[in-house]
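Accompanying notes for the structure given below.
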Amino acid sequence: PHGYVTFVDAPGKPRAAVELALSPASRERGLMYRMHLPDDQGMLFSWNNDQIRRFWMHNTCIPLDMLFIARDGTIAGILEQVPTLNDDERSIPCPVAHVLELNAGWARSHSVKAGQKVKIEP
């Protein structure tokens, strides 16, 4: 399944097309083994509740920005330029219901920051 994430508080209200990782299998696989992610596209991992989410870059060949988003659409934190092929856990200390992965540098180049709101359109 696919959807969109619109950054309603960022200048120009940028929008990214996203693949929706909703099942345990799709969340586990994520963006592993991909060699390219088109501009303005990403993957949105979603759950029904807010909790601390931990991610890794196992077999992930694309450097990413990880945006941690609370159920109310607030960006709780952003990890930028997460290195590839790395099994170290990545997280923020805030509970969230969504994690959005985009190409490394996307958040900064679109003036997306923690505290801003997003609109998720499945």
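Note on naming: chains are A, B, ... as they come in the structure tokens, residues start from 1 per chain, ligands start from 1 in the order shown.
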Item to check | Spatial neighbours of Trp106 (chain A), 10 Å, only C-alpha atoms, chain gap at least 2 places, as number ranges by chain | outcome: A: 16, 39-41, 64-66, 80-81, 101-104, 108-112
Next on the checklist: Which residues are close to His98 (chain A), i.e. within 8 Å by only C-alpha atoms, leaving aside same-chain residues fewer than 3 positions away? Reply as a ChimeraX atom specification.
Outcome noted: /A:44-47,68-71
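Nearest residue to Gln51 (chain A), choosing from A:Ala76, A:Ala25, A:Leu20, A:Val82 and counting only C-alpha atoms: A:Ala76.
Computed from the coordinates, the CA of Ile52 (chain A) to CA of Pro95 (chain A) distance equals 4.3 Å.
The residue set within 7 Å of region 54-63 of chain A, counting only C-alpha atoms and dropping same-chain residues fewer than 4 places from it, reads A:Leu31, A:Met32, A:Tyr33, A:Arg34, A:Met35, A:His36, A:Gln81, A:Val82, A:Pro83, A:Thr84, A:Leu85, A:Asn86, A:Asp87, A:Asp88, A:Glu89, A:Arg90, A:Ser91, A:Asn103, A:Ala104.
Atom pair CA of Lys113 (chain A) / CA of Val8 (chain A) has a distance of 11.4 Å (rounded to one decimal).
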Item to check | All alpha helix (DSSP H) positions in region 21-79 of chain A, as a ChimeraX atom specification | outcome: /A:24-29
Store the residues of this selection in a file with N, CA and C atoms, as a PDB file, in the first residue's frame.
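After the write, again25.pdb holds the following:
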ATOM      1  N   PRO A  24       4.029  -6.817  10.336  1.00  0.00           N
ATOM      2  CA  PRO A  24       5.331  -7.137  10.929  1.00  0.00           C
ATOM      3  C   PRO A  24       6.382  -7.497   9.870  1.00  0.00           C
ATOM      4  N   ALA A  25       6.009  -8.234   8.845  1.00  0.00           N
ATOM      5  CA  ALA A  25       6.976  -8.632   7.808  1.00  0.00           C
ATOM      6  C   ALA A  25       7.473  -7.421   7.017  1.00  0.00           C
ATOM      7  N   SER A  26       6.558  -6.524   6.642  1.00  0.00           N
ATOM      8  CA  SER A  26       6.996  -5.352   5.870  1.00  0.00           C
ATOM      9  C   SER A  26       7.818  -4.405   6.736  1.00  0.00           C
ATOM     10  N   ARG A  27       7.508  -4.323   8.020  1.00  0.00           N
ATOM     11  CA  ARG A  27       8.312  -3.480   8.915  1.00  0.00           C
ATOM     12  C   ARG A  27       9.708  -4.058   9.094  1.00  0.00           C
ATOM     13  N   GLU A  28       9.801  -5.385   9.186  1.00  0.00           N
ATOM     14  CA  GLU A  28      11.110  -6.016   9.376  1.00  0.00           C
ATOM     15  C   GLU A  28      11.987  -5.835   8.145  1.00  0.00           C
ATOM     16  N   ARG A  29      11.409  -5.953   6.977  1.00  0.00           N
ATOM     17  CA  ARG A  29      12.191  -5.828   5.740  1.00  0.00           C
ATOM     18  C   ARG A  29      12.526  -4.374   5.428  1.00  0.00           C
TER      19      ARG A  29
END
Next on the checklist: Could you check the closest approach to Gly73 (chain A) for each of A:Ala107, A:Leu100, A:Leu37, A:Ile120 and tell me which residue wins, using only C-alpha atoms?
Outcome noted: A:Ile120
Item to check | Contact residues around Thr74 (chain A) with only C-alpha atoms at 8 Å, ignoring same-chain residues under 4 positions, as an NGL selection string | outcome: :A and (69-70 or 114-118)
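Nearest-residue note for Leu67 (chain A): choosing from A:Ala17, A:Val99, A:Pro11, A:Arg53, the minimum distance belongs to A:Val99, counting only C-alpha atoms.
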Checklist entry - region 31-103 of chain A: which residues are strand (DSSP E) by DSSP, as a VMD selection string? => result chain A and resid 41 to 51 55 to 57 64 to 69 75 to 82 86 to 90 96 to 103
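Considering the residues A:Ala10, A:Leu79, A:Pro1, A:Ile92 and counting only C-alpha atoms, Lys119 (chain A) has its shortest atom-to-atom contact with A:Ala10.
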